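S.K.: I'm passing along query.txt; it holds compact mmCIF, C-alpha atoms.
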```txt
# COMPACT_ATOMS: atom_id res chain seq x y z
CA MET A 1 0.00 0.00 0.00
CA LYS A 2 1.39 3.38 -0.96
CA ARG A 3 1.71 6.04 1.70
CA ARG A 4 -0.45 9.11 2.30
CA LYS A 5 2.28 11.57 1.29
CA SER A 6 2.32 10.19 -2.25
CA ARG A 7 -1.46 9.59 -2.33
CA LEU A 8 -2.66 13.15 -1.55
CA PRO A 9 -1.26 14.77 -4.71
CA VAL A 10 -2.87 11.98 -6.75
CA ILE A 11 -6.24 12.66 -5.11
CA VAL A 12 -5.88 16.37 -5.90
CA ASP A 13 -5.05 15.55 -9.51
CA ILE A 14 -8.05 13.24 -9.82
CA LEU A 15 -10.46 15.76 -8.28
CA ASN A 16 -9.12 18.69 -10.29
CA ASN A 17 -9.32 16.86 -13.60
CA ASN A 18 -12.50 14.79 -13.18
CA SER A 19 -16.00 15.34 -11.90
CA ILE A 20 -15.95 12.97 -8.93
CA GLY A 21 -19.18 12.92 -6.94
CA SER A 22 -18.67 10.09 -4.45
CA GLN A 23 -15.99 8.42 -2.40
CA ASP A 24 -16.69 5.20 -4.28
CA GLU A 25 -15.86 6.88 -7.61
CA LEU A 26 -12.70 8.36 -6.11
CA SER A 27 -11.69 5.01 -4.62
CA LYS A 28 -11.98 3.38 -8.05
CA GLN A 29 -9.86 6.11 -9.63
CA LEU A 30 -7.23 5.66 -6.93
CA ALA A 31 -7.25 1.88 -7.40
CA MET A 32 -6.53 2.34 -11.11
CA ARG A 33 -3.44 4.30 -10.04
CA GLY A 34 -2.29 1.64 -7.58
CA PHE A 35 -3.71 3.09 -4.36
CA LEU A 36 -5.99 0.70 -2.46
CA VAL A 37 -7.57 2.55 0.45
CA THR A 38 -10.41 1.99 2.87
CA GLN A 39 -13.38 4.32 3.04
CA ALA A 40 -12.19 5.61 6.45
CA THR A 41 -8.74 6.45 5.04
CA LEU A 42 -10.29 8.17 2.06
CA SER A 43 -12.53 10.23 4.37
CA ARG A 44 -9.48 11.35 6.36
CA ASP A 45 -7.65 12.26 3.15
CA LEU A 46 -10.61 14.30 1.87
CA LYS A 47 -10.79 16.11 5.21
CA ALA A 48 -7.04 16.82 5.19
CA LEU A 49 -7.36 18.29 1.69
CA ARG A 50 -10.31 20.45 2.82
CA THR A 51 -12.51 19.18 0.01
CA THR A 52 -16.05 20.43 -0.46
CA LYS A 53 -18.93 18.96 -2.41
CA VAL A 54 -20.56 21.46 -4.75
CA ALA A 55 -23.48 21.24 -7.15
CA THR A 56 -22.64 20.89 -10.83
CA ASP A 57 -24.38 22.32 -13.87
CA MET A 58 -25.61 18.80 -14.65
CA GLY A 59 -27.62 18.49 -11.42
CA GLY A 60 -25.15 16.27 -9.57
CA TYR A 61 -22.35 17.01 -7.14
CA ARG A 62 -18.57 16.94 -7.30
CA TYR A 63 -15.69 17.34 -4.91
CA ILE A 64 -13.52 20.43 -5.17
CA VAL A 65 -10.25 20.94 -3.36
CA ALA A 66 -9.68 24.09 -1.32
CA ASP A 67 -6.82 26.21 -2.68
CA GLY A 68 -6.24 23.67 -5.44
CA GLY A 69 -4.79 21.32 -2.80
CA ARG A 70 -1.64 23.34 -2.36
CA GLY A 71 -2.12 24.07 1.35
CA ALA A 72 -2.26 20.41 2.36
CA PHE A 73 1.29 19.44 1.46
CA GLY A 74 3.66 22.00 2.91
CA THR A 75 5.82 24.21 0.71
CA GLU A 76 8.02 21.58 -0.96
CA ALA A 77 5.22 19.21 -1.92
CA ALA A 78 2.87 22.09 -2.78
CA ALA A 79 5.15 23.11 -5.62
CA ALA A 80 4.42 19.75 -7.27
CA VAL A 81 0.65 20.33 -7.25
CA PRO A 82 -0.43 22.29 -10.33
CA LEU A 83 -2.61 25.35 -10.13
CA THR A 84 -6.14 24.53 -11.20
CA MET A 85 -9.42 26.13 -11.98
CA GLN A 86 -9.92 26.75 -8.28
CA SER A 87 -6.69 28.67 -7.80
CA SER A 88 -5.90 30.32 -11.10
CA ARG A 89 -8.26 32.08 -13.50
CA HIS A 90 -11.79 30.91 -12.83
CA PRO A 91 -13.41 29.75 -16.08
CA ALA A 92 -16.70 29.23 -14.20
CA ALA A 93 -17.02 33.02 -13.76
CA LEU A 94 -19.55 34.38 -16.24
CA SER A 95 -19.70 38.10 -15.48
CA ILE A 96 -18.75 40.83 -13.04
CA ALA A 97 -20.70 43.99 -12.22
CA LEU A 98 -19.75 46.89 -9.94
CA SER A 99 -21.93 49.02 -7.67
CA GLY A 100 -20.31 51.38 -5.19
CA ASN A 101 -17.87 49.34 -3.12
CA MET A 102 -19.45 46.04 -4.16
CA ALA A 103 -18.60 43.67 -6.99
CA VAL A 104 -21.08 40.99 -8.03
CA ILE A 105 -19.60 37.99 -9.82
CA LYS A 106 -21.96 35.54 -11.55
CA THR A 107 -20.71 31.96 -11.93
CA ARG A 108 -21.91 28.67 -13.27
CA LEU A 109 -24.18 26.93 -10.78
CA GLY A 110 -22.26 25.50 -7.85
CA TYR A 111 -18.98 27.35 -8.38
CA ALA A 112 -19.58 30.51 -6.33
CA SER A 113 -18.28 29.12 -3.04
CA GLY A 114 -15.01 27.93 -4.59
CA LEU A 115 -14.46 31.29 -6.28
CA ALA A 116 -15.29 33.16 -3.05
CA TYR A 117 -12.88 30.95 -1.12
CA ASP A 118 -10.09 31.70 -3.58
CA LEU A 119 -10.82 35.44 -3.47
CA ASP A 120 -10.61 35.35 0.32
CA ALA A 121 -7.37 33.35 0.10
CA LEU A 122 -5.77 36.17 -1.89
CA SER A 123 -5.57 38.09 1.40
CA SER A 124 -5.80 41.31 -0.57
CA ASP A 125 -6.24 44.60 1.28
CA GLN A 126 -8.61 45.56 -1.55
CA ILE A 127 -11.16 42.85 -0.66
CA LEU A 128 -12.79 43.06 2.75
CA GLY A 129 -14.76 39.83 2.30
CA THR A 130 -17.03 37.73 0.13
CA ILE A 131 -20.48 36.21 0.40
CA PRO A 132 -21.13 33.27 -1.93
CA GLY A 133 -24.47 31.93 -3.07
CA ALA A 134 -25.11 29.10 -5.52
CA ASP A 135 -24.10 31.08 -8.62
CA THR A 136 -23.26 34.56 -7.31
CA VAL A 137 -20.44 36.01 -5.22
CA PHE A 138 -20.83 39.38 -3.52
CA VAL A 139 -17.44 40.99 -2.97
CA VAL A 140 -17.07 43.89 -0.54
CA VAL A 141 -14.30 46.16 -1.77
CA ALA A 142 -12.30 48.52 0.47
CA GLU A 143 -13.53 52.07 -0.04
CA ASP A 144 -10.12 53.51 -0.92
CA THR A 145 -9.58 51.02 -3.76
CA SER A 146 -9.39 52.64 -7.18
CA ARG A 147 -11.17 51.07 -10.13
CA THR A 148 -7.76 50.61 -11.78
CA GLU A 149 -6.46 48.61 -8.80
CA LEU A 150 -9.65 46.58 -8.72
CA TYR A 151 -9.47 45.88 -12.45
CA GLU A 152 -5.86 44.70 -12.14
CA LEU A 153 -6.79 42.41 -9.24
CA PHE A 154 -9.71 40.80 -11.06
CA ALA A 155 -7.91 40.70 -14.43
CA GLY A 156 -5.43 38.22 -12.95
CA PHE A 157 -8.23 36.16 -11.44
CA LEU A 158 -11.20 36.11 -13.83
CA PRO A 159 -11.28 35.04 -17.49
CA SER A 160 -10.20 37.71 -19.97
CA ASP A 161 -13.54 37.65 -21.84
CA VAL A 162 -15.38 38.43 -18.57
CA MET A 163 -13.02 41.32 -17.88
CA GLU A 164 -13.29 42.65 -21.44
CA GLU A 165 -17.08 42.61 -21.20
CA ALA A 166 -16.97 44.55 -17.92
CA TYR A 167 -14.25 47.02 -18.97
CA ASP A 168 -16.64 50.00 -19.15
CA GLN A 169 -17.72 49.38 -15.56
CA PHE A 170 -14.16 49.83 -14.37
CA PHE A 171 -13.33 52.62 -16.82
CA PRO A 172 -16.55 54.41 -17.82
CA PRO A 173 -16.30 56.18 -21.17
CA SER A 174 -16.07 59.95 -20.84
CA ASP A 175 -19.10 61.89 -22.08
```
Write the structure described by the file as structure tokens, please.

M.R.:
Amino acid sequence: MKRRKSRLPVIVDILNNNSIGSQDELSKQLAMRGFLVTQATLSRDLKALRTTKVATDMGGYRYIVADGGRGAFGTEAAAAVPLTMQSSRHPAALSIALSGNMAVIKTRLGYASGLAYDLDALSSDQILGTIPGADTVFVVVAEDTSRTELYELFAGFLPSDVMEEAYDQFFPPSD
């Protein structure tokens, strides 16, 4: 039986690249990669990775890994875990709108909590906090944040087509 240290990155890879909705599905995927684990061990691994089950667009559920799984391994092992949808640009983001010191980000169904988690994990002084729903994230922005700073922050986080579509909200055309 292979050890936990080598198993956790494999679990992260499986969850980041497949829509896995149950421990049984995950156990089968692990077995195909040479990891035979009990349900109790798998539960502990999922807890250590801070996984969450979220709704999918297809009406089912899937596991997602907090912070792309990077926080669970320490700095040396974290470097081996690739950035994923949950920790890089978020392709599930559909739009962003601004109102005062609030930003409202629309996502595909079930992805708001993961996006909100990653925004909070940025530990940016520009973001005071987030409130996720099923497909919407409310972002409270610090009052002294310029629209340019906010655009630069979100441009590195949201898909370029979403940012292009919202450009006029950050930089309104002059009359």

S.K.: From (-16.5, 9.8, -6.7), in the file's coordinates, out to 12 Å: which residues are reached, counting all atoms listed in the file? Answer as a PDB file with C-alpha atoms, in the coordinates of the input.

M.R.:
```pdb
ATOM      1  CA  ILE A  11      -6.240  12.660  -5.110  1.00  0.00           C
ATOM      2  CA  ILE A  14      -8.050  13.240  -9.820  1.00  0.00           C
ATOM      3  CA  LEU A  15     -10.460  15.760  -8.280  1.00  0.00           C
ATOM      4  CA  ASN A  18     -12.500  14.790 -13.180  1.00  0.00           C
ATOM      5  CA  SER A  19     -16.000  15.340 -11.900  1.00  0.00           C
ATOM      6  CA  ILE A  20     -15.950  12.970  -8.930  1.00  0.00           C
ATOM      7  CA  GLY A  21     -19.180  12.920  -6.940  1.00  0.00           C
ATOM      8  CA  SER A  22     -18.670  10.090  -4.450  1.00  0.00           C
ATOM      9  CA  GLN A  23     -15.990   8.420  -2.400  1.00  0.00           C
ATOM     10  CA  ASP A  24     -16.690   5.200  -4.280  1.00  0.00           C
ATOM     11  CA  GLU A  25     -15.860   6.880  -7.610  1.00  0.00           C
ATOM     12  CA  LEU A  26     -12.700   8.360  -6.110  1.00  0.00           C
ATOM     13  CA  SER A  27     -11.690   5.010  -4.620  1.00  0.00           C
ATOM     14  CA  LYS A  28     -11.980   3.380  -8.050  1.00  0.00           C
ATOM     15  CA  GLN A  29      -9.860   6.110  -9.630  1.00  0.00           C
ATOM     16  CA  LEU A  30      -7.230   5.660  -6.930  1.00  0.00           C
ATOM     17  CA  GLN A  39     -13.380   4.320   3.040  1.00  0.00           C
ATOM     18  CA  LEU A  42     -10.290   8.170   2.060  1.00  0.00           C
ATOM     19  CA  SER A  43     -12.530  10.230   4.370  1.00  0.00           C
ATOM     20  CA  LEU A  46     -10.610  14.300   1.870  1.00  0.00           C
ATOM     21  CA  LYS A  53     -18.930  18.960  -2.410  1.00  0.00           C
ATOM     22  CA  GLY A  60     -25.150  16.270  -9.570  1.00  0.00           C
ATOM     23  CA  TYR A  61     -22.350  17.010  -7.140  1.00  0.00           C
ATOM     24  CA  ARG A  62     -18.570  16.940  -7.300  1.00  0.00           C
ATOM     25  CA  TYR A  63     -15.690  17.340  -4.910  1.00  0.00           C
ATOM     26  CA  ILE A  64     -13.520  20.430  -5.170  1.00  0.00           C
TER      27      ILE A  64
END
```

S.K.: Using only C-alpha atoms, which of the listed residues (A:Ser123, A:Gln169, A:Leu153, A:Ile96) sits closest to Thr136 (chain A)?

M.R.: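 Residue with the minimum atom-to-atom distance to Thr136 (chain A): A:Ile96.
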
S.K.: Hey, which of A:Val10, A:Leu122, A:Leu98, A:Val54 ends up closest to Gly156 (chain A)? Count all atoms listed in the file.

M.R.: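 That would be A:Leu122, the residue with the smallest distance to Gly156 (chain A).
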
S.K.: Identify which of the residues A:Gly114, A:His90, A:Tyr151, A:Arg108 lies closest to Glu164 (chain A), counting all atoms listed in the file when measuring atom-to-atom distances.

M.R.: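 Looking at the shortest contact to Glu164 (chain A), the residue is A:Tyr151.
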
S.K.: Which is closer to Leu115 (chain A) than all the others in A:Gly34, A:Asp13, A:Val137, A:Gly100, using all atoms listed in the file?

M.R.: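 Ranking A:Gly34, A:Asp13, A:Val137, A:Gly100 by distance to Leu115 (chain A), first place goes to A:Val137.
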
S.K.: Go through A:Ala97, A:Val12, A:Ala103, A:Leu109 and flag the residue nearest Ala55 (chain A), using only C-alpha atoms for the distances.

M.R.: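 Nearest to Ala55 (chain A): A:Leu109.
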
S.K.: Restricting the calculation to all atoms listed in the file: of A:Ser146, A:Ser95, A:Thr38, A:Ser6, which residue gets closest to Ser160 (chain A)?

M.R.: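 Closest candidate: A:Ser95.
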
S.K.: Rounded to one decimal, what separation in Å do you get between CA of Gly110 (chain A) and CA of Glu165 (chain A)?

M.R.: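 Between these atoms lies a distance of 22.3 Å.
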
S.K.: Might you pull out every residue within 9 Å of Phe35 (chain A), with only C-alpha atoms counted and same-chain residues fewer than 2 positions away left off, and present them as a ChimeraX atom specification?

M.R.: /A:1-3,7,27,29-33,37

S.K.: Using the incomplete input, complete region 4-25 of chain A to the level of N, CA and C atoms; output as a compact mmCIF listing (two decimals), in the frame of the given file.

M.R.:
```
# COMPACT_ATOMS: atom_id res chain seq x y z
N ARG A 4 0.40 7.93 2.43
CA ARG A 4 -0.45 9.11 2.30
C ARG A 4 0.26 10.26 1.58
N LYS A 5 1.53 10.45 1.88
CA LYS A 5 2.28 11.57 1.29
C LYS A 5 2.27 11.51 -0.24
N SER A 6 2.35 10.33 -0.79
CA SER A 6 2.32 10.19 -2.25
C SER A 6 0.88 10.10 -2.78
N ARG A 7 -0.07 9.75 -1.91
CA ARG A 7 -1.46 9.59 -2.33
C ARG A 7 -2.19 10.94 -2.45
N LEU A 8 -1.93 11.88 -1.54
CA LEU A 8 -2.66 13.15 -1.55
C LEU A 8 -2.53 13.92 -2.86
N PRO A 9 -1.33 14.07 -3.42
CA PRO A 9 -1.26 14.77 -4.71
C PRO A 9 -2.03 14.07 -5.82
N VAL A 10 -2.11 12.74 -5.75
CA VAL A 10 -2.87 11.98 -6.75
C VAL A 10 -4.36 12.26 -6.59
N ILE A 11 -4.83 12.33 -5.35
CA ILE A 11 -6.24 12.66 -5.11
C ILE A 11 -6.55 14.05 -5.65
N VAL A 12 -5.67 15.00 -5.39
CA VAL A 12 -5.88 16.37 -5.90
C VAL A 12 -5.95 16.36 -7.42
N ASP A 13 -5.05 15.63 -8.05
CA ASP A 13 -5.05 15.55 -9.51
C ASP A 13 -6.35 14.94 -10.03
N ILE A 14 -6.80 13.88 -9.40
CA ILE A 14 -8.05 13.24 -9.82
C ILE A 14 -9.22 14.21 -9.67
N LEU A 15 -9.32 14.86 -8.52
CA LEU A 15 -10.46 15.76 -8.28
C LEU A 15 -10.42 17.00 -9.16
N ASN A 16 -9.23 17.49 -9.45
CA ASN A 16 -9.12 18.69 -10.29
C ASN A 16 -9.37 18.41 -11.76
N ASN A 17 -9.21 17.17 -12.18
CA ASN A 17 -9.32 16.86 -13.60
C ASN A 17 -10.51 15.97 -13.95
N ASN A 18 -11.33 15.64 -12.96
CA ASN A 18 -12.50 14.79 -13.18
C ASN A 18 -13.64 15.30 -12.32
N SER A 19 -14.84 15.01 -12.71
CA SER A 19 -16.00 15.34 -11.90
C SER A 19 -16.34 14.12 -11.05
N ILE A 20 -15.79 14.10 -9.84
CA ILE A 20 -15.95 12.97 -8.93
C ILE A 20 -17.00 13.35 -7.89
N GLY A 21 -18.08 12.59 -7.82
CA GLY A 21 -19.18 12.92 -6.94
C GLY A 21 -19.34 12.04 -5.72
N SER A 22 -18.53 10.98 -5.61
CA SER A 22 -18.67 10.09 -4.45
C SER A 22 -17.30 9.51 -4.08
N GLN A 23 -17.22 9.06 -2.84
CA GLN A 23 -15.99 8.42 -2.40
C GLN A 23 -15.76 7.12 -3.15
N ASP A 24 -16.82 6.43 -3.53
CA ASP A 24 -16.69 5.20 -4.28
C ASP A 24 -16.03 5.47 -5.64
N GLU A 25 -16.48 6.52 -6.32
CA GLU A 25 -15.86 6.88 -7.61
C GLU A 25 -14.38 7.21 -7.42
```
